[in-house]
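J.: Next up is a structure, given as structure tokens.
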Amino acid sequence: MNETLDCAQVRMHFALLLYGELSFDEEERVESHLDGCGECRAALEREKSLHAAFDSVAAEPPASLLRQCRAELAAALHHDQGPVSSWNKGWWDRFVDLLGGGAVLRPVGAGALILLGFVGAKLTPFLNESFTGASQASIAPHVSDVEEQPDGSVRVVVDETRQRTITGKLDDQRIRSLLLEAARDPNNSGLRADSVALLNRRAQSAEIRGVLVYLVGHDQNDGVRLKAMEGLKPFVAEPDVRGVLSQALLGDANPGVRTQAIELLIPEQTGGAFANLDPAMIGTLQESMLRERNESVRERCERVLQAVNASAEIY
């Protein structure tokens, strides 16, 4: 059985918890304590704020610092009476020699090494962003599965250093962000389709609608494109939606997708009638007649053109 932790022990683990360095069992014990201790939860929030403050600090040394350091180094080299060979060592070796040179310096050296490691960790992201060509490791979570729950909430499985589960409503911004991330996952078409089916319910959001429009125009999976088109159905009047559906009609490789594009762009009314078409849509249908090789799609286009007394050919 896992031993429980008291408040002091839990707070000693805060830094490792925030950096994701606890083992699974340790993290479970800490989170179990936090669930029932409001004081520790408040202390953790203060710790997060402190880390955020450190992260926001930009390293901006004065321009004169480099000149000053060079001058002091030159003076030290000139006046040094010790063996010249000691300066043939690398800077790290000299630094270690200095820290280990005496009993008084050893505690100071240990603190300096800890401080050096902390500052290095804080400055690494800054340096990576500042230098062209520096490698930048992505820290975005990877969504591996999404599923709607019986109560209407959405379960999202996120792969990090270990797998964890996040549950929330569709209106939860965290859940929506993860679903949007999953909808763009290039390696899992089933995950994209499941995510799109959930996002379709909130397609009134411009951000979600933009992702659906992108998927209709670019996703390599036929099922994902059809799912995204379902979510766009109530917004056919929007220019960007009509544009991507027109592109799908003229250029999508799947005849089912092309047929769905016609049905969304030109919904058939009772009795086989169609609403008045604008000239641009008539031109799109006429161009489709020139390109289309699928008989079913051609018949659909031709029937619409005939219903509005338009020619099936472009003159």
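Lettering and numbering for the structure tokens are positional, with chains as A, B, ... in the shown order, residues counted from 1 in each chain, and ligands counted from 1 in the shown order.
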Per residue of range 217-295 of chain A within 7 Å of range 190-213 of chain A, record the nearest atom pair and its distance in Å to one decimal, counting only C-alpha atoms, with rows in chain order and ascending residue number, as a tab-separated table.

T.:
residue	atom	partner	partner_atom	distance
A:Gly217	CA	A:Val213	CA	6.5
A:Gly223	CA	A:Ala193	CA	7.0
A:Val224	CA	A:Ala193	CA	4.9
A:Lys227	CA	A:Ala197	CA	6.4
A:Ala228	CA	A:Leu212	CA	5.1
A:Gly231	CA	A:Asn200	CA	4.3
A:Val241	CA	A:Val213	CA	6.4
A:Val244	CA	A:Val213	CA	6.6

J.: So that I can check the surroundings of Cys37 in chain A, please list as a PyMOL selection string every protein, DNA and RNA residue that reaches within 12 Å of it, counting only C-alpha atoms and ignoring chain neighbours fewer than 6 positions away.

T.: chain A and resi 5-8+10-11+30-31+43-44

J.: Go ahead and write the selection's residues with N, CA and C atoms as a PDB file, in the first residue's frame.

T.:
ATOM      1  N   LEU A   5       1.411  11.112   2.358  1.00  0.00           N
ATOM      2  CA  LEU A   5       2.382  12.173   2.587  1.00  0.00           C
ATOM      3  C   LEU A   5       1.730  13.276   3.398  1.00  0.00           C
ATOM      4  N   ASP A   6       2.513  13.889   4.306  1.00  0.00           N
ATOM      5  CA  ASP A   6       1.988  15.044   5.028  1.00  0.00           C
ATOM      6  C   ASP A   6       2.249  16.308   4.225  1.00  0.00           C
ATOM      7  N   CYS A   7       1.795  17.436   4.720  1.00  0.00           N
ATOM      8  CA  CYS A   7       1.884  18.695   3.966  1.00  0.00           C
ATOM      9  C   CYS A   7       3.330  19.071   3.642  1.00  0.00           C
ATOM     10  N   ALA A   8       4.216  18.924   4.629  1.00  0.00           N
ATOM     11  CA  ALA A   8       5.617  19.294   4.405  1.00  0.00           C
ATOM     12  C   ALA A   8       6.238  18.438   3.304  1.00  0.00           C
ATOM     13  N   VAL A  10       4.673  16.870   0.871  1.00  0.00           N
ATOM     14  CA  VAL A  10       4.058  17.203  -0.418  1.00  0.00           C
ATOM     15  C   VAL A  10       4.677  18.457  -1.003  1.00  0.00           C
ATOM     16  N   ARG A  11       4.867  19.477  -0.166  1.00  0.00           N
ATOM     17  CA  ARG A  11       5.392  20.744  -0.685  1.00  0.00           C
ATOM     18  C   ARG A  11       6.849  20.616  -1.132  1.00  0.00           C
ATOM     19  N   VAL A  30       1.037  12.569  -4.301  1.00  0.00           N
ATOM     20  CA  VAL A  30       0.938  14.029  -4.165  1.00  0.00           C
ATOM     21  C   VAL A  30      -0.457  14.508  -4.563  1.00  0.00           C
ATOM     22  N   GLU A  31      -0.954  14.008  -5.700  1.00  0.00           N
ATOM     23  CA  GLU A  31      -2.271  14.449  -6.159  1.00  0.00           C
ATOM     24  C   GLU A  31      -3.371  13.998  -5.208  1.00  0.00           C
ATOM     25  N   ALA A  43      -0.828  26.570  -1.922  1.00  0.00           N
ATOM     26  CA  ALA A  43       0.634  26.670  -1.963  1.00  0.00           C
ATOM     27  C   ALA A  43       1.168  26.272  -3.336  1.00  0.00           C
ATOM     28  N   LEU A  44       0.550  25.265  -3.955  1.00  0.00           N
ATOM     29  CA  LEU A  44       0.973  24.850  -5.292  1.00  0.00           C
ATOM     30  C   LEU A  44       0.711  25.951  -6.311  1.00  0.00           C
TER      31      LEU A  44
END

J.: Run DSSP on the backbone and grab whatever in range 194-268 of chain A lands in helix (DSSP H, G or I); send it over as a ChimeraX atom specification.

T.: /A:194-202,206-218,222-235,239-251,255-265

J.: Need the shell around Gly243 in chain A: protein/DNA/RNA residues with any atom at most 12 Å away, counting only C-alpha atoms. Skip same-chain ones fewer than 6 positions apart. Format as a list of chain:residue names?

T.: A:Val213, A:Tyr214, A:Val216, A:Gly217, A:Leu232, A:Phe235, A:Val236, A:Ala237, A:Leu249, A:Leu250, A:Ala261, A:Leu264, A:Leu265, A:Ala280, A:Met281, A:Thr284

J.: Would you export the selected residues with C-alpha atoms as a PDB file, in the first residue's frame, please?

T.:
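Saved to result_6.pdb:
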ATOM      1  CA  VAL A 213     -12.706  24.221 -43.818  1.00  0.00           C
ATOM      2  CA  TYR A 214      -9.015  23.314 -43.837  1.00  0.00           C
ATOM      3  CA  VAL A 216     -12.245  19.617 -46.370  1.00  0.00           C
ATOM      4  CA  GLY A 217      -9.578  21.125 -48.587  1.00  0.00           C
ATOM      5  CA  LEU A 232     -20.130  22.997 -42.322  1.00  0.00           C
ATOM      6  CA  PHE A 235     -22.734  27.641 -42.713  1.00  0.00           C
ATOM      7  CA  VAL A 236     -22.864  27.207 -46.489  1.00  0.00           C
ATOM      8  CA  ALA A 237     -23.665  30.904 -46.867  1.00  0.00           C
ATOM      9  CA  LEU A 249     -16.737  19.779 -56.362  1.00  0.00           C
ATOM     10  CA  LEU A 250     -14.165  20.604 -59.014  1.00  0.00           C
ATOM     11  CA  ALA A 261     -20.424  19.203 -52.153  1.00  0.00           C
ATOM     12  CA  LEU A 264     -24.575  21.239 -49.673  1.00  0.00           C
ATOM     13  CA  LEU A 265     -24.062  24.012 -52.202  1.00  0.00           C
ATOM     14  CA  ALA A 280     -20.648  32.038 -60.040  1.00  0.00           C
ATOM     15  CA  MET A 281     -22.305  28.770 -58.950  1.00  0.00           C
ATOM     16  CA  THR A 284     -18.831  26.145 -61.241  1.00  0.00           C
TER      17      THR A 284
END

J.: At a cut-off of 10 Å, using only C-alpha atoms, what residues contact Arg291 in chain A? Leave out same-chain residues fewer than 4 positions from it and give the result as a VMD selection string.

T.: chain A and resid 250 to 251 285 to 287 298

J.: Generate the output file for the selected residues, N, CA and C atoms, as a compact mmCIF listing (two decimals), in the first residue's frame.

T.:
# COMPACT_ATOMS: atom_id res chain seq x y z
N LEU A 250 -14.96 20.58 -57.78
CA LEU A 250 -14.16 20.60 -59.01
C LEU A 250 -12.92 19.72 -58.94
N GLY A 251 -12.42 19.47 -57.75
CA GLY A 251 -11.11 18.81 -57.72
C GLY A 251 -10.94 17.65 -56.78
N LEU A 285 -20.75 24.75 -61.84
CA LEU A 285 -21.40 23.53 -62.32
C LEU A 285 -21.05 23.25 -63.78
N GLN A 286 -21.00 24.29 -64.60
CA GLN A 286 -20.64 24.11 -66.01
C GLN A 286 -19.20 23.62 -66.15
N GLU A 287 -18.30 24.17 -65.32
CA GLU A 287 -16.91 23.71 -65.35
C GLU A 287 -16.81 22.27 -64.88
N ARG A 298 -22.13 13.79 -62.84
CA ARG A 298 -22.48 14.57 -64.03
C ARG A 298 -24.00 14.75 -64.13

J.: For the atom pair CA of Glu263 in chain A and CA of Asp240 in chain A, what is the interatomic distance in Å to one decimal place?

T.: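 Those two atoms sit 16.9 Å apart.
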
J.: So the first atom is CA of Ser49 in chain A and the second is CA of Leu34 in chain A; what is the distance between them in Å, to one decimal place?

T.: 17.1 Å
